[in-house]
Amino acid sequence: MGTVHSLYDLFYQKNTIFQSHDLLLKNYGGLIEKFDVPVGHFMFQFGILFTYYHERAHLIQTSPLLANWFSEQSGNGPHNTFSIERHILEMDADIDAAQHICFHLIEYWKKLNTEDRTEDNIQKILSIGVASIFSYFLLYYKQGIKIYYRQHTHPHPLIRLSYIVNCLSQVAKINLPLSFQLDQNAMSQNGIVIADLFYKEVFHSSRVGNALAQSTSEGRNIQEYVNELLQLAGAFPNLVMKR
């Protein structure tokens, strides 16, 4: 319940970035005027929906780890010991949540008038969804954190963002008009930019920091680590992707 209240306060009540920043007004103003809720409420909804589907996936996994400790807190603590199994479980839950979230985002796009159901608008809606999820991940960090791989209980937010954006892109491709060509890199980069403005506005913090630069410079290493997790996932029959 605390998560619901916190996200409502942060993403909706304190979130005015789409009204106060010229860049967002220019790029998203025409779209958000057509929303049936304020864009801050939109971000709140998708933060909550992602949380729900992610935690639901952990219950489906019924991992032995569930009986002992399964907090979403990613920071340092007594239960913060790295295990490759935990990273795989988190990736599995993230991907399952991402595919469900994608259908919500597409349904929101389908609410628009026919003339507004454009490739550009679904790209923007997906980017706002990415920003909501990435902003949610960063709530567990007090400051920007340099990318890591085999450390901590959760994969680094940029690694999580990588396979989540890939999932969103693939699911959207199957469920949108064949003529649509979504830009996966732009979806990720725009999501990071929105999250950066969000943290500067709400927390007066540069928590996102150089995430955009890291996502570029570490792109190959990120992909290699994701591929490693996907390959190792074959040994875990309790994953949602196996059900």
# chains A, B, ... in the order shown; residues from 1 in each chain; ligands from 1
$ residues_around --residues "Lys110 in chain A" --least-positions-apart "4" --cutoff "12 Å" --atoms "only C-alpha atoms" --output "VMD selection string"
chain A and resid 34 to 35 103 to 106 114 to 119 121 to 122 125 175 to 177
$ closest_atom_pairs --of "range 27-66 of chain A" --to "range 182-199 of chain A" --cutoff "12 Å" --atoms "only C-alpha atoms" --output "JSON lines"
{"residue": "A:Asn27", "atom": "CA", "partner": "A:Asn190", "partner_atom": "CA", "distance": 10.3}
{"residue": "A:Tyr28", "atom": "CA", "partner": "A:Ile194", "partner_atom": "CA", "distance": 10.8}
{"residue": "A:Val39", "atom": "CA", "partner": "A:Ile194", "partner_atom": "CA", "distance": 11.9}
{"residue": "A:Gly40", "atom": "CA", "partner": "A:Phe198", "partner_atom": "CA", "distance": 10.2}
{"residue": "A:Met43", "atom": "CA", "partner": "A:Ala195", "partner_atom": "CA", "distance": 10.6}
$ write_last_selection --atoms "N, CA, C and O atoms" --output "PDB file, in the first residue's frame"
ATOM      1  N   ASN A  27       7.601  18.236 -27.874  1.00  0.00           N
ATOM      2  CA  ASN A  27       7.582  16.882 -28.426  1.00  0.00           C
ATOM      3  C   ASN A  27       6.318  16.092 -28.088  1.00  0.00           C
ATOM      4  O   ASN A  27       5.924  15.206 -28.855  1.00  0.00           O
ATOM      5  N   TYR A  28       5.716  16.396 -26.924  1.00  0.00           N
ATOM      6  CA  TYR A  28       4.601  15.569 -26.457  1.00  0.00           C
ATOM      7  C   TYR A  28       3.299  16.351 -26.248  1.00  0.00           C
ATOM      8  O   TYR A  28       2.260  15.739 -26.002  1.00  0.00           O
ATOM      9  N   VAL A  39      -0.909  13.439 -17.869  1.00  0.00           N
ATOM     10  CA  VAL A  39       0.180  12.510 -18.188  1.00  0.00           C
ATOM     11  C   VAL A  39       0.853  11.992 -16.917  1.00  0.00           C
ATOM     12  O   VAL A  39       1.357  10.863 -16.891  1.00  0.00           O
ATOM     13  N   GLY A  40       0.848  12.776 -15.824  1.00  0.00           N
ATOM     14  CA  GLY A  40       1.383  12.291 -14.561  1.00  0.00           C
ATOM     15  C   GLY A  40       0.599  11.109 -14.032  1.00  0.00           C
ATOM     16  O   GLY A  40       1.165  10.164 -13.461  1.00  0.00           O
ATOM     17  N   MET A  43       1.639   8.083 -15.993  1.00  0.00           N
ATOM     18  CA  MET A  43       2.887   7.501 -15.498  1.00  0.00           C
ATOM     19  C   MET A  43       2.654   6.720 -14.215  1.00  0.00           C
ATOM     20  O   MET A  43       3.220   5.643 -14.011  1.00  0.00           O
TER      21      MET A  43
END
$ atom_distance --atom1 "CA of Cys167 in chain A" --atom2 "CA of Arg207 in chain A"
25.1 Å
$ atom_distance --atom1 "CA of Thr153 in chain A" --atom2 "CA of His5 in chain A"
24.8 Å
$ closest_residue --among "A:Tyr225, A:Phe50, A:Tyr148, A:Phe18" --to "Phe82 in chain A" --atoms "only C-alpha atoms"
A:Tyr148
$ residues_around --residues "Ser20 in chain A" --least-positions-apart "2" --cutoff "12 Å" --atoms "only C-alpha atoms" --output "JSON, numbers by chain"
{"A": [14, 15, 16, 17, 18, 22, 23, 24, 25, 26, 29, 197, 198, 200, 201, 202]}
$ residues_around --residues "Ala211 in chain A" --least-positions-apart "6" --cutoff "9 Å" --atoms "only C-alpha atoms" --output "list in words"
Gly144, Ile145, Lys146, Ile147, Leu158, Ile192 and Asp196 of chain A
$ write_last_selection --atoms "all heavy atoms" --output "mmCIF file, in the first residue's frame"
data_model
loop_
_atom_site.group_PDB
_atom_site.id
_atom_site.type_symbol
_atom_site.label_atom_id
_atom_site.label_comp_id
_atom_site.auth_asym_id
_atom_site.auth_seq_id
_atom_site.Cartn_x
_atom_site.Cartn_y
_atom_site.Cartn_z
ATOM 1 N N GLY A 144 22.895 8.421 -8.483
ATOM 2 C CA GLY A 144 23.243 7.700 -9.688
ATOM 3 C C GLY A 144 24.238 6.594 -9.388
ATOM 4 O O GLY A 144 25.106 6.746 -8.517
ATOM 5 N N ILE A 145 24.102 5.483 -10.062
ATOM 6 C CA ILE A 145 24.984 4.352 -9.781
ATOM 7 C C ILE A 145 25.639 3.864 -11.068
ATOM 8 O O ILE A 145 24.965 3.699 -12.096
ATOM 9 C CB ILE A 145 24.204 3.206 -9.092
ATOM 10 C CG1 ILE A 145 25.144 2.042 -8.732
ATOM 11 C CG2 ILE A 145 23.052 2.727 -9.943
ATOM 12 C CD1 ILE A 145 24.508 1.018 -7.818
ATOM 13 N N LYS A 146 26.941 3.694 -11.009
ATOM 14 C CA LYS A 146 27.686 3.224 -12.172
ATOM 15 C C LYS A 146 27.242 1.822 -12.534
ATOM 16 O O LYS A 146 26.930 1.007 -11.672
ATOM 17 C CB LYS A 146 29.185 3.245 -11.864
ATOM 18 C CG LYS A 146 30.057 2.914 -13.060
ATOM 19 C CD LYS A 146 31.537 3.012 -12.698
ATOM 20 C CE LYS A 146 32.405 2.672 -13.904
ATOM 21 N NZ LYS A 146 33.851 2.753 -13.578
ATOM 22 N N ILE A 147 27.200 1.548 -13.813
ATOM 23 C CA ILE A 147 26.711 0.252 -14.258
ATOM 24 C C ILE A 147 27.546 -0.889 -13.683
ATOM 25 O O ILE A 147 28.763 -0.781 -13.528
ATOM 26 C CB ILE A 147 26.677 0.183 -15.799
ATOM 27 C CG1 ILE A 147 25.825 -1.001 -16.246
ATOM 28 C CG2 ILE A 147 28.079 0.134 -16.380
ATOM 29 C CD1 ILE A 147 25.383 -0.926 -17.683
ATOM 30 N N LEU A 158 19.884 -0.066 -16.127
ATOM 31 C CA LEU A 158 20.089 0.028 -17.577
ATOM 32 C C LEU A 158 20.022 -1.344 -18.244
ATOM 33 O O LEU A 158 19.581 -1.464 -19.391
ATOM 34 C CB LEU A 158 21.424 0.696 -17.887
ATOM 35 C CG LEU A 158 21.483 2.205 -17.685
ATOM 36 C CD1 LEU A 158 22.898 2.724 -17.925
ATOM 37 C CD2 LEU A 158 20.497 2.926 -18.600
ATOM 38 N N ILE A 192 14.792 7.657 -21.011
ATOM 39 C CA ILE A 192 15.826 8.107 -20.072
ATOM 40 C C ILE A 192 15.787 9.629 -19.921
ATOM 41 O O ILE A 192 15.913 10.153 -18.810
ATOM 42 C CB ILE A 192 17.222 7.634 -20.540
ATOM 43 C CG1 ILE A 192 17.333 6.110 -20.421
ATOM 44 C CG2 ILE A 192 18.324 8.303 -19.707
ATOM 45 C CD1 ILE A 192 18.614 5.528 -21.011
ATOM 46 N N ASP A 196 15.102 11.630 -16.506
ATOM 47 C CA ASP A 196 16.070 12.611 -16.009
ATOM 48 C C ASP A 196 15.369 13.909 -15.613
ATOM 49 O O ASP A 196 15.606 14.460 -14.529
ATOM 50 C CB ASP A 196 17.118 12.878 -17.092
ATOM 51 C CG ASP A 196 18.255 13.775 -16.600
ATOM 52 O OD1 ASP A 196 18.639 13.660 -15.416
ATOM 53 O OD2 ASP A 196 18.740 14.596 -17.394
#
$ atom_distance --atom1 "CA of Ile222 in chain A" --atom2 "CA of Val130 in chain A"
17.4 Å
$ closest_residue --among "A:Val171, A:Ile164, A:Ile101, A:Leu138" --to "Tyr53 in chain A" --atoms "only C-alpha atoms"
A:Ile101
$ closest_residue --among "A:Ile88, A:Phe11, A:His21, A:His58" --to "Gly234 in chain A" --atoms "only C-alpha atoms"
A:Ile88
$ closest_residue --among "A:Ile159, A:Leu139, A:Leu168, A:Leu232" --to "Ser127 in chain A" --atoms "only C-alpha atoms"
A:Leu168
$ residues_around --residues "Tyr163 in chain A" --least-positions-apart "3" --cutoff "8 Å" --atoms "only C-alpha atoms" --output "NGL selection string"
:A and (91 or 95 or 159-160 or 166-167 or 226)
$ closest_residue --among "A:Phe203, A:Tyr52, A:Phe46, A:Phe180" --to "Phe134 in chain A" --atoms "only C-alpha atoms"
A:Phe46
